Amino acid sequence: MRLPHFIEALRKEQRLALPAAFALGGLLVLAFAPFHLFPLAVILPLALLWLIDGQSPRVAAWRGFAFGFGLFGIGMHWLYISLHVYGKAPVILAVFLMICLVALMAAYYAGFAWLLNRYWPAAPGPAGVNWRRYLLAAPALWVLLEYMRGWFLSGFPWFSLGYSQLDTWLAGFAPVGGVFMVSLFVMMLGGALLLCISSGLKFRAAAAAIMMAILSASYWLQAVQWTHPTGNAIKVALVQGNIPQDKKWLPEYRQRTIDTYLDLTRDVLHDADLVIWPEAAIPLLYSQLDDTLFMHIEDEMLAPEQRLVTGVLVHDRERGVYYNSAVVIGGAERRFYHKRHLVPFGEYFPVPDSVREWLRLMNLPYSDFEAGEGDNRLELWPGVSAAMLICYEAVFGSEAMDAMPEAGFVINISNDGWFGESIGPKQHFQITRMRAKEAARPLVRVTNTGISGLLAFDGGKLLSMPVSETAAAMASIEPRTGGSPYGSHGNLVVWATCLLLAFSMPKRKDASA
């Protein structure tokens with residue numbers, strides 16, 4: 001394949017190629033929120049493929065690692081804020097843990113480059129380029145490793161390519177195969193683009209046809225409404241208390257926190273059917289709040305048909321465990337959802353007891369949380385329920401699907417105060433938008449410090465409350481019924497497609513065919 005001279009020089013010289021790969025990964029951050037330069041998600045992985053062309057699997061792996069280290073090292077700089085500024089971890093420990101996580105994420109890109117060059121090398125075919133490598137193998141491997149990154153060691157699917165395409169036609173694939181299917185077609189577009197600029201006329205025409213087919217299909221899918229409204233509209237009050245993370249758990253700040261949420265709620269309660277507070281809104285256990293605050297709200301503030309959903313910490317005295325939970329206040333009985341997907345080293349510590357206290361990063365006076373069981377459908381009124389996602393759970397597409405098709409909409413409560421004023425909350429909000437698109441359901445998101453908001457069933461923003469704003473906002477949502485293909489089959493379709501693409505192809509011995 002004929003390349004520009006400066007790219008050729010970078011590819012041949014390892015000392016130049018590694019910084020270049022790091023820079024390409026860092027630039028990929030611009031494809032995501034808050035920058036939204038979505039074409040970079042097509043171009044920059046393609047540039048990585050150029051850098052590893054013709055290299056040994058070992059050299060390719062190092063370049064893939066540098067690419068991943070740039071992406072996560074720059075894109076997740078907010079991790080230092082979470083660990084050191086708010087988590088109170090010493091600087092050395094915070095930097096060490098950050099490097100470890102970034103290196104772990106970078107290892108997936110090293111694996112991608114190694115596998116691609118080991119089994120589907122860049123030996124040219126009749127068109128001057130191995131089209132199977134770029135159009136089939138690279139997209140399949142990339143997405144398989146994105147998928148693995150989403151569950152291995154609890155999973156961390158940040159920066160999946162599909163998230164960058166939420167406001168493009170390609171998002172039409174999300175209700176069919178989730179964010180990973182969007183990623184697959186992003187990579188296929190990149191492969192087809194490479195064929196267009198580096199192949200003969202015949203293959204250029206075929207590649208252009210493939211690009212047009214992908215874009216046409218995604219455009220058509222954008223117009224499909226997989227679900228439809230059901231029942232009456234619900235007036236929802238989103239309460240963003242904006243309690244500073246470094247003060248949230250201080251005993252002397254507790255009453256001010258309670259007063260803030262009560263005052264904001266009173267301002268909107270007369271118009272609301274449903275009031276939502278964020279994750280662990282009040283820094284006390286449920287048992288400490290039930291006979292005081294919650295009974296006061298139920299008896300003195302809520303009308304019989306009104307409901308309040310709030311995050312709360314629950315202590316199961318019989319089992320001696322704690323849950324990060326959501327509770328419905330109002331109605332005949334309290335209903336709970338216990339968070340199922342916990343944050344490693346944030347909500348539980350997979351380490352021996354001897355080092356548990358040394359590694360504890362949250363300034364909470366409680367032991368490890370226990371993961372909840374069952375599905376995440378939370379009934380609000382008879383016949384009306386929502387899929388409940390607490391914080392970290394919103395980054396996993398399959399979590400919301402467990403409540404489908406019974407749930408009419410999705411509720412996500414979170415505390416993004418750990419991100420500070422960084423780009424982290426904007427990234428998290430973008431990821432959450434994808435959950436609405438996949439489920440084809442409206443989604444209400446309420447966080448402690450922002451970004452809170454209401455998302456339409458197609459992922460569009462209907463309302464957003466910025467970071468560091470103390471406010472309550474009203475919105476109206478229409479529950480929906482029916483189901484998207486992703487809601488029925490989850491990641492099975494894209495997972496099977498990627499395996500079929502990757503492993504039905506000629507391997508190394510006849511890759512030039």
# chains A, B, ... in the order shown; residues from 1 in each chain; ligands from 1

call {"tool": "select_by_dssp", "arguments": {"residues": "stretch 306-411 of chain A", "states": "helix (DSSP H, G or I)", "output": "list in words"}}
result
Asp353, Ser354, Val355, Arg356, Glu357, Trp358, Leu359, Cys391, Tyr392, Glu393, Ala394, Val395, Gly397, Ser398, Glu399, Ala400 and Met401 of chain A

call {"tool": "write_last_selection", "arguments": {"atoms": "C-alpha atoms", "output": "PDB file, in the first residue's frame"}}
result
ATOM      1  CA  ASP A 353      -8.216  -7.915  54.344  1.00  0.00           C
ATOM      2  CA  SER A 354      -4.644  -6.969  55.217  1.00  0.00           C
ATOM      3  CA  VAL A 355      -4.525  -4.371  52.433  1.00  0.00           C
ATOM      4  CA  ARG A 356      -8.211  -3.474  52.327  1.00  0.00           C
ATOM      5  CA  GLU A 357      -7.975  -0.410  54.535  1.00  0.00           C
ATOM      6  CA  TRP A 358      -4.821   0.826  52.815  1.00  0.00           C
ATOM      7  CA  LEU A 359      -6.542   0.769  49.435  1.00  0.00           C
ATOM      8  CA  CYS A 391     -24.177   5.328  38.522  1.00  0.00           C
ATOM      9  CA  TYR A 392     -21.634   2.870  37.035  1.00  0.00           C
ATOM     10  CA  GLU A 393     -24.392   0.578  35.787  1.00  0.00           C
ATOM     11  CA  ALA A 394     -25.260   3.092  33.063  1.00  0.00           C
ATOM     12  CA  VAL A 395     -22.025   2.313  31.185  1.00  0.00           C
ATOM     13  CA  GLY A 397     -25.784  -1.670  27.789  1.00  0.00           C
ATOM     14  CA  SER A 398     -27.073  -5.013  29.008  1.00  0.00           C
ATOM     15  CA  GLU A 399     -27.976  -3.682  32.476  1.00  0.00           C
ATOM     16  CA  ALA A 400     -31.048  -1.730  31.348  1.00  0.00           C
ATOM     17  CA  MET A 401     -32.247  -4.568  29.133  1.00  0.00           C
TER      18      MET A 401
END

call {"tool": "closest_atom_pairs", "arguments": {"of": "stretch 397-481 of chain A", "to": "stretch 142-163 of chain A", "cutoff": "10 Å", "atoms": "only C-alpha atoms", "output": "tab-separated table"}}
result
residue	atom	partner	partner_atom	distance
A:Gly397	CA	A:Gly150	CA	9.3
A:Gln427	CA	A:Trp158	CA	8.5
A:His428	CA	A:Trp158	CA	8.7
A:Gln430	CA	A:Tyr163	CA	7.0
A:Ile431	CA	A:Tyr163	CA	6.3
A:Thr432	CA	A:Tyr163	CA	9.5
A:Arg433	CA	A:Tyr163	CA	8.7
A:Met434	CA	A:Tyr163	CA	6.8

call {"tool": "residues_around", "arguments": {"residues": "A:Phe67", "least_positions_apart": "5", "cutoff": "6 Å", "atoms": "only C-alpha atoms", "output": "list in words"}}
result
Ala21, Phe22 and Gly25 of chain A

call {"tool": "write_last_selection", "arguments": {"atoms": "N, CA and C atoms", "output": "JSON list (two decimals), in the first residue's frame"}}
result
[["chain", "number", "residue", "atom", "x", "y", "z"],
["A", 21, "ALA", "N", 1.80, 6.85, 17.76],
["A", 21, "ALA", "CA", 0.65, 6.04, 18.17],
["A", 21, "ALA", "C", 0.01, 6.62, 19.42],
["A", 22, "PHE", "N", 0.84, 7.06, 20.37],
["A", 22, "PHE", "CA", 0.32, 7.69, 21.59],
["A", 22, "PHE", "C", -0.49, 8.94, 21.23],
["A", 25, "GLY", "N", -3.88, 8.06, 19.72],
["A", 25, "GLY", "CA", -4.83, 7.67, 20.77],
["A", 25, "GLY", "C", -5.34, 8.87, 21.54]]

call {"tool": "closest_residue", "arguments": {"among": "A:Gly490, A:Asp271, A:Ala209, A:Gly346", "to": "A:Ser82", "atoms": "only C-alpha atoms"}}
result
A:Gly346
